[in-house]
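With compact mmCIF, C-alpha atoms inside, this is work.txt:
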# COMPACT_ATOMS: atom_id res chain seq x y z
CA MET X 1 -43.55 -35.62 55.70
CA GLY X 2 -46.59 -34.70 53.70
CA SER X 3 -46.51 -31.20 55.06
CA GLU X 4 -42.75 -30.97 54.49
CA SER X 5 -43.32 -31.45 50.78
CA LEU X 6 -45.08 -28.11 50.78
CA PHE X 7 -41.85 -26.39 51.78
CA THR X 8 -38.45 -25.92 50.26
CA LYS X 9 -35.22 -24.24 51.23
CA CYS X 10 -34.48 -20.72 50.07
CA LYS X 11 -31.55 -20.89 47.69
CA THR X 12 -30.13 -17.70 49.16
CA CYS X 13 -30.50 -17.91 52.97
CA GLY X 14 -31.38 -21.61 53.48
CA LYS X 15 -34.57 -20.99 55.45
CA TYR X 16 -37.65 -23.18 54.81
CA ILE X 17 -40.31 -21.36 52.82
CA SER X 18 -43.49 -22.28 50.95
CA LYS X 19 -42.96 -23.76 47.52
CA SER X 20 -45.58 -21.36 46.18
CA ALA X 21 -43.75 -18.30 47.53
CA LYS X 22 -42.50 -15.98 44.84
CA SER X 23 -39.88 -14.56 47.18
CA CYS X 24 -38.29 -15.54 50.50
CA PRO X 25 -40.02 -13.77 53.43
CA GLN X 26 -36.72 -13.91 55.33
CA CYS X 27 -34.24 -12.44 52.80
CA GLY X 28 -36.48 -11.35 49.93
CA ALA X 29 -34.67 -13.41 47.29
CA ASN X 30 -36.73 -14.22 44.17
CA GLN X 31 -37.73 -17.90 44.11
CA LYS X 32 -39.65 -18.17 40.80
CA LYS X 33 -38.14 -20.44 38.19
CA LEU X 34 -38.10 -19.45 34.56
CA GLY X 35 -41.12 -20.61 32.65
CA ILE X 36 -40.85 -22.76 29.58
CA ILE X 37 -41.50 -19.75 27.30
CA HIS X 38 -38.63 -17.85 28.90
CA CYS X 39 -36.35 -20.85 28.45
CA ILE X 40 -37.25 -21.17 24.79
CA GLY X 41 -36.65 -17.44 24.35
CA ILE X 42 -33.19 -17.66 25.87
CA LEU X 43 -32.28 -20.67 23.73
CA PHE X 44 -33.47 -18.89 20.61
CA LEU X 45 -32.00 -15.44 21.27
CA GLY X 46 -28.74 -16.58 22.86
CA PRO X 47 -26.94 -17.52 19.61
CA ILE X 48 -28.21 -14.35 17.91
CA ILE X 49 -26.84 -12.12 20.67
CA ILE X 50 -23.50 -13.96 20.63
CA GLY X 51 -23.35 -13.53 16.87
CA ILE X 52 -23.94 -9.79 17.17
CA ILE X 53 -21.18 -9.48 19.76
CA ASN X 54 -18.73 -11.43 17.63
CA ALA X 55 -19.59 -9.34 14.59
CA SER X 56 -18.95 -6.19 16.57
CA ASP X 57 -15.61 -7.50 17.77
CA ASN X 58 -14.56 -8.41 14.25
CA LYS X 59 -15.56 -4.99 13.00
CA ASN X 60 -13.58 -3.19 15.68
CA SER X 61 -10.52 -5.41 15.40
CA PRO X 62 -8.14 -5.26 12.38
CA SER X 63 -9.16 -7.60 9.58
CA GLU X 64 -6.79 -10.33 8.49
CA SER X 65 -5.95 -8.48 5.30
CA THR X 66 -5.22 -5.30 7.26
CA ALA X 67 -3.21 -7.05 9.95
CA LYS X 68 -1.15 -8.79 7.30
CA ALA X 69 -0.81 -5.83 4.93
CA PRO X 70 2.17 -6.40 2.65
CA ASN X 71 5.40 -4.78 3.76
CA PRO X 72 6.56 -2.30 1.08
CA GLN X 73 10.02 -3.87 1.13
CA ILE X 74 8.59 -7.33 0.50
CA LYS X 75 6.51 -5.92 -2.32
CA ASN X 76 9.61 -4.36 -3.90
CA GLN X 77 11.42 -7.68 -3.63
CA SER X 78 8.63 -9.52 -5.41
CA LEU X 79 8.63 -6.82 -8.08
CA GLY X 80 12.39 -7.19 -8.34
CA SER X 81 11.98 -10.80 -9.38
CA LEU X 82 10.16 -9.52 -12.48
CA MET X 83 12.85 -7.01 -13.46
CA PRO X 84 15.00 -7.70 -16.52
CA GLU X 85 18.75 -7.79 -16.06
CA SER X 86 19.22 -4.38 -17.72
CA GLN X 87 16.94 -2.73 -15.16
CA LEU X 88 18.66 -4.38 -12.22
CA ARG X 89 22.04 -3.18 -13.47
CA PHE X 90 20.70 0.34 -13.94
CA ILE X 91 19.28 0.47 -10.41
CA GLY X 92 22.58 -0.82 -9.07
CA ALA X 93 24.53 1.81 -11.00
CA VAL X 94 22.41 4.65 -9.66
CA THR X 95 22.14 3.53 -6.04
CA GLU X 96 25.84 2.65 -5.85
CA TYR X 97 26.70 6.33 -5.45
CA VAL X 98 24.02 7.34 -2.96
CA SER X 99 26.00 6.42 0.16
CA GLY X 100 29.19 7.89 -1.29
CA PHE X 101 27.43 11.14 -2.09
CA LYS X 102 26.07 11.37 1.45
CA ALA X 103 29.59 10.90 2.82
CA ALA X 104 31.18 13.53 0.53
CA LYS X 105 32.89 16.34 2.46
CA ASN X 106 32.18 19.15 0.01
CA GLU X 107 30.58 20.07 -3.32
CA LEU X 108 33.77 19.24 -5.23
CA GLN X 109 33.56 15.64 -4.06
CA GLN X 110 29.83 15.59 -4.76
CA SER X 111 30.37 16.79 -8.32
CA ALA X 112 33.06 14.16 -8.88
CA MET X 113 30.64 11.54 -7.57
CA ARG X 114 28.04 12.63 -10.11
CA ASP X 115 30.59 12.35 -12.95
CA GLN X 116 31.43 8.82 -11.85
CA ARG X 117 27.75 7.92 -11.79
CA LYS X 118 27.32 9.24 -15.33
CA GLU X 119 30.04 6.90 -16.61
CA LYS X 120 28.52 4.00 -14.72
CA ILE X 121 25.06 4.64 -16.22
CA LEU X 122 26.60 4.94 -19.70
CA SER X 123 28.38 1.60 -19.41
CA THR X 124 25.29 -0.03 -17.93
CA LEU X 125 22.62 1.17 -20.37
CA GLY X 126 24.64 1.58 -23.54
CA SER X 127 21.59 3.18 -25.24
CA TYR X 128 18.61 5.31 -24.36
CA SER X 129 15.85 2.80 -25.09
CA VAL X 130 14.64 0.17 -22.63
CA SER X 131 12.07 -2.59 -22.88
CA SER X 132 9.87 -4.50 -20.43
CA TRP X 133 11.01 -2.69 -17.30
CA VAL X 134 8.71 -2.87 -14.29
CA GLY X 135 7.72 -0.51 -11.49
CA THR X 136 4.87 0.98 -9.48
CA ILE X 137 2.84 4.00 -10.56
CA ASN X 138 3.73 6.84 -8.20
CA GLN X 139 1.70 9.58 -9.90
CA LEU X 140 -1.02 9.48 -12.53
CA ALA X 141 -2.64 12.83 -13.28
CA ALA X 142 -3.70 15.12 -16.13
CA ASN X 143 -2.60 18.59 -17.12
CA SER X 144 -4.94 21.41 -18.12
CA GLU X 145 -5.23 19.98 -21.64
CA GLY X 146 -6.12 16.51 -20.42
CA LYS X 147 -2.78 14.91 -21.30
CA ALA X 148 -1.57 12.22 -18.91
CA ILE X 149 1.24 12.89 -16.44
CA LEU X 150 2.93 9.68 -15.37
CA SER X 151 5.70 8.74 -12.96
CA VAL X 152 6.79 5.19 -12.20
CA ARG X 153 8.96 4.30 -9.24
CA ILE X 154 11.36 1.46 -10.04
CA SER X 155 13.07 1.43 -6.64
CA PRO X 156 12.57 3.25 -3.34
CA ASP X 157 14.83 6.09 -4.57
CA ILE X 158 14.51 6.11 -8.36
CA GLU X 159 11.63 7.54 -10.38
CA ILE X 160 11.04 7.53 -14.13
CA LYS X 161 8.60 10.18 -15.29
CA THR X 162 7.11 12.55 -17.82
CA TRP X 163 7.12 16.29 -17.37
CA ASN X 164 4.19 17.61 -15.38
CA ASN X 165 3.54 20.77 -17.41
CA GLU X 166 3.21 21.81 -21.03
CA LEU X 167 5.92 24.47 -20.91
CA SER X 168 8.69 22.10 -19.81
CA ASP X 169 7.44 19.45 -22.22
CA LYS X 170 7.56 21.56 -25.40
CA ALA X 171 10.75 19.96 -26.72
CA SER X 172 10.57 16.44 -25.33
CA LYS X 173 6.82 15.71 -25.75
CA THR X 174 6.69 13.25 -22.87
CA LEU X 175 3.11 14.04 -21.80
CA ILE X 176 0.82 11.25 -22.99
CA GLU X 177 -1.71 12.33 -25.60
CA LYS X 178 -5.39 11.43 -25.54
CA GLY X 179 -6.37 8.68 -27.94
CA THR X 180 -3.01 6.92 -27.83
CA PRO X 181 -2.73 3.25 -26.73
CA VAL X 182 -0.74 4.29 -23.65
CA PHE X 183 -3.40 6.81 -22.62
CA SER X 184 -6.14 4.20 -23.07
CA THR X 185 -4.30 1.77 -20.80
CA LEU X 186 -3.62 4.39 -18.13
CA PHE X 187 -7.29 5.42 -18.16
CA ASN X 188 -8.19 2.37 -16.04
CA LEU X 189 -5.14 2.42 -13.73
CA SER X 190 -4.29 4.28 -10.53
CA SER X 191 -1.41 5.10 -8.21
CA GLY X 192 0.07 1.99 -6.63
CA GLN X 193 -0.57 -0.17 -9.69
CA ARG X 194 2.37 -2.31 -10.75
CA VAL X 195 3.16 -1.95 -14.46
CA LYS X 196 5.50 -3.11 -17.17
CA PHE X 197 6.69 -0.38 -19.53
CA SER X 198 8.95 0.37 -22.48
CA GLY X 199 10.26 3.61 -23.94
CA SER X 200 13.32 5.82 -24.02
CA PHE X 201 15.37 8.24 -21.92
CA PHE X 202 16.69 11.58 -23.18
CA PRO X 203 20.39 12.40 -23.69
CA SER X 204 22.16 14.52 -21.09
CA GLU X 205 25.71 15.86 -20.83
CA THR X 206 25.48 15.79 -17.04
CA ASP X 207 24.03 12.36 -16.25
CA PHE X 208 24.07 10.61 -19.67
CA ILE X 209 20.27 10.48 -19.38
CA GLN X 210 18.25 13.59 -18.45
CA GLU X 211 17.48 14.01 -14.74
CA THR X 212 14.94 16.65 -13.70
CA SER X 213 15.87 17.52 -10.10
CA ILE X 214 16.68 21.16 -9.43
CA THR X 215 19.58 20.45 -7.05
CA ILE X 216 22.52 18.08 -7.17
CA ASP X 217 21.37 16.69 -3.84
CA GLY X 218 18.02 15.69 -5.30
CA SER X 219 19.68 14.27 -8.41
CA MET X 220 21.92 11.97 -6.42
CA ARG X 221 19.67 11.01 -3.50
CA ASP X 222 16.25 10.76 -5.19
CA PRO X 223 16.80 10.98 -8.94
CA GLU X 224 13.89 11.58 -11.33
CA PHE X 225 14.76 10.59 -14.89
CA LEU X 226 12.78 11.99 -17.80
CA PHE X 227 11.20 9.30 -19.97
CA LYS X 228 9.10 8.89 -23.11
CA PHE X 229 6.65 6.04 -22.48
CA LYS X 230 5.97 3.94 -25.60
CA SER X 231 3.94 1.23 -23.88
CA VAL X 232 2.51 0.59 -20.39
CA THR X 233 0.70 -2.56 -19.30
CA PRO X 234 -0.60 -3.50 -15.83
CA ILE X 235 0.89 -6.34 -13.83
CA ASN X 236 -1.79 -8.22 -11.89

As a first step, turn the structure in this file into structure tokens.
Amino acid sequence: MGSESLFTKCKTCGKYISKSAKSCPQCGANQKKLGIIHCIGILFLGPIIIGIINASDNKNSPSESTAKAPNPQIKNQSLGSLMPESQLRFIGAVTEYVSGFKAAKNELQQSAMRDQRKEKILSTLGSYSVSSWVGTINQLAANSEGKAILSVRISPDIEIKTWNNELSDKASKTLIEKGTPVFSTLFNLSSGQRVKFSGSFFPSETDFIQETSITIDGSMRDPEFLFKFKSVTPIN
């Protein structure tokens, strides 16, 4: 029995070998146990390695904010809850004729549809000035003279904007001058920013308020109404 204590079974092949053997002479399997220093090293480094792996996985996988990025439609709905009644009626009046225009059989019907929309906008707005409307900045730029060009989208299909060039703007003066309160506010904003704004439209024989699209199709499907911004404030 005393001599048997000098031997142990190989963990791989089961043959008896010397306890001092570093490897099994039968199968060559390593028999050395980890020393205490190795054990401490594993205990110490293990959590660090796991942490690095988890960090890598989190970096490669979409973050929670990215995975749950707000749906544009949901964002528009939340913005809609901030819209005054006059703005909601205006959006309804404009979008009411989009589907009818798409279904029109010819340009005569399309023209009649535009006339009907004009009357609807007239009865809805009643005047050219609006106050505390809300929307999302679609474009914020500067012309060659440093004046601000601004367009605000108030629905997926409706845009309210200044002219984007000095020549077109000679009469209406919609471009926003440096040094004005509106310019100072816009200086710290960017596209995608939700804003509250006030100002006025321009008269038009065709649409009651001036629309800047070149074609009737653009005017009815994705209208861009010319606007003089009197105030713009960000919505957080």

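Residues surrounding X:Ile216 within 12 Å are X:Val98, X:Phe101, X:Lys102, X:Glu107, X:Leu108, X:Gln109, X:Gln110, X:Ser111, X:Ala112, X:Met113, X:Arg114, X:Asp115, X:Thr206, X:Asp207, X:Glu211, X:Thr212, X:Ser213, X:Ile214, X:Gly218, X:Ser219, X:Met220, X:Arg221, X:Asp222, X:Pro223, X:Glu224 [only C-alpha atoms; sequence separation below 2 positions excluded].
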
**Prompt:** So how many Å separate atom CA of X:Phe229 and atom CA of X:Thr215, to one decimal?
**Reply:** 24.8 Å

**Asked** Neighbours of stretch 193-200 of chain X within 6 Å (only C-alpha atoms; same-chain residues fewer than 2 positions away dropped), as a PyMOL selection string?
**Response** chain X and resi 128-137+190-191+227-235

**Asked** Neighbours of X:Phe183 within 7 Å (only C-alpha atoms; same-chain residues fewer than 6 positions away dropped), as a list of chain:residue names?
**Response** X:Ala148, X:Ile176, X:Glu177

Keeping only C-alpha atoms, write those residues as an mmCIF file, keeping the file's coordinate frame.
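Result written to result-v1.cif:
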data_model
loop_
_atom_site.group_PDB
_atom_site.id
_atom_site.type_symbol
_atom_site.label_atom_id
_atom_site.label_comp_id
_atom_site.auth_asym_id
_atom_site.auth_seq_id
_atom_site.Cartn_x
_atom_site.Cartn_y
_atom_site.Cartn_z
ATOM 1 C CA ALA X 148 -1.570 12.220 -18.910
ATOM 2 C CA ILE X 176 0.820 11.250 -22.990
ATOM 3 C CA GLU X 177 -1.710 12.330 -25.600
#

**Request:** Take atom CA of X:Pro84 and atom CA of X:Phe187 and report the distance between them in Å, one decimal.
**Result:**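 A separation of 25.9 Å between them.
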
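The shortest atom-to-atom distance to X:Ile209, with all atoms listed in the file taken into account, belongs to X:Thr124 out of X:Thr124, X:Ser151, X:Ser86, X:Asn165.
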
Missing atoms of stretch 180-206 of chain X rebuilt to N, CA and C atoms, written as a tab-separated table (two decimals), in the coordinates of the input:
chain	number	residue	atom	x	y	z
X	180	THR	N	-4.11	7.84	-27.57
X	180	THR	CA	-3.01	6.92	-27.83
X	180	THR	C	-3.21	5.63	-27.03
X	181	PRO	N	-2.59	4.52	-27.47
X	181	PRO	CA	-2.73	3.25	-26.73
X	181	PRO	C	-2.28	3.37	-25.27
X	182	VAL	N	-1.22	4.14	-25.03
X	182	VAL	CA	-0.74	4.29	-23.65
X	182	VAL	C	-1.78	5.01	-22.81
X	183	PHE	N	-2.36	6.07	-23.35
X	183	PHE	CA	-3.40	6.81	-22.62
X	183	PHE	C	-4.58	5.91	-22.31
X	184	SER	N	-5.00	5.10	-23.27
X	184	SER	CA	-6.14	4.20	-23.07
X	184	SER	C	-5.88	3.20	-21.96
X	185	THR	N	-4.65	2.71	-21.88
X	185	THR	CA	-4.30	1.77	-20.80
X	185	THR	C	-4.30	2.46	-19.45
X	186	LEU	N	-3.71	3.65	-19.39
X	186	LEU	CA	-3.62	4.39	-18.13
X	186	LEU	C	-5.00	4.81	-17.63
X	187	PHE	N	-5.96	4.93	-18.52
X	187	PHE	CA	-7.29	5.42	-18.16
X	187	PHE	C	-7.92	4.56	-17.06
X	188	ASN	N	-7.59	3.28	-17.02
X	188	ASN	CA	-8.19	2.37	-16.04
X	188	ASN	C	-7.24	2.01	-14.89
X	189	LEU	N	-6.11	2.71	-14.79
X	189	LEU	CA	-5.14	2.42	-13.73
X	189	LEU	C	-5.16	3.51	-12.67
X	190	SER	N	-4.36	3.31	-11.62
X	190	SER	CA	-4.29	4.28	-10.53
X	190	SER	C	-2.94	4.18	-9.85
X	191	SER	N	-2.66	5.13	-8.97
X	191	SER	CA	-1.41	5.10	-8.21
X	191	SER	C	-1.33	3.82	-7.40
X	192	GLY	N	-0.13	3.24	-7.34
X	192	GLY	CA	0.07	1.99	-6.63
X	192	GLY	C	0.00	0.76	-7.52
X	193	GLN	N	-0.47	0.94	-8.75
X	193	GLN	CA	-0.57	-0.17	-9.69
X	193	GLN	C	0.82	-0.56	-10.20
X	194	ARG	N	1.12	-1.83	-10.19
X	194	ARG	CA	2.37	-2.31	-10.75
X	194	ARG	C	2.23	-2.42	-12.27
X	195	VAL	N	3.24	-1.97	-13.00
X	195	VAL	CA	3.16	-1.95	-14.46
X	195	VAL	C	4.47	-2.40	-15.09
X	196	LYS	N	4.35	-2.85	-16.32
X	196	LYS	CA	5.50	-3.11	-17.17
X	196	LYS	C	5.49	-2.04	-18.27
X	197	PHE	N	6.66	-1.49	-18.58
X	197	PHE	CA	6.69	-0.38	-19.53
X	197	PHE	C	7.93	-0.44	-20.41
X	198	SER	N	7.83	0.22	-21.56
X	198	SER	CA	8.95	0.37	-22.48
X	198	SER	C	8.98	1.81	-22.97
X	199	GLY	N	10.14	2.24	-23.46
X	199	GLY	CA	10.26	3.61	-23.94
X	199	GLY	C	11.71	4.04	-24.01
X	200	SER	N	11.96	5.33	-23.87
X	200	SER	CA	13.32	5.82	-24.02
X	200	SER	C	13.60	7.02	-23.11
X	201	PHE	N	14.87	7.09	-22.67
X	201	PHE	CA	15.37	8.24	-21.92
X	201	PHE	C	15.80	9.33	-22.91
X	202	PHE	N	16.22	10.48	-22.36
X	202	PHE	CA	16.69	11.58	-23.18
X	202	PHE	C	18.17	11.85	-22.88
X	203	PRO	N	18.95	12.17	-23.89
X	203	PRO	CA	20.39	12.40	-23.69
X	203	PRO	C	20.66	13.56	-22.74
X	204	SER	N	21.76	13.46	-22.00
X	204	SER	CA	22.16	14.52	-21.09
X	204	SER	C	23.68	14.54	-20.96
X	205	GLU	N	24.26	15.72	-21.01
X	205	GLU	CA	25.71	15.86	-20.83
X	205	GLU	C	26.10	15.64	-19.37
X	206	THR	N	25.16	15.86	-18.48
X	206	THR	CA	25.48	15.79	-17.04
X	206	THR	C	25.37	14.39	-16.49
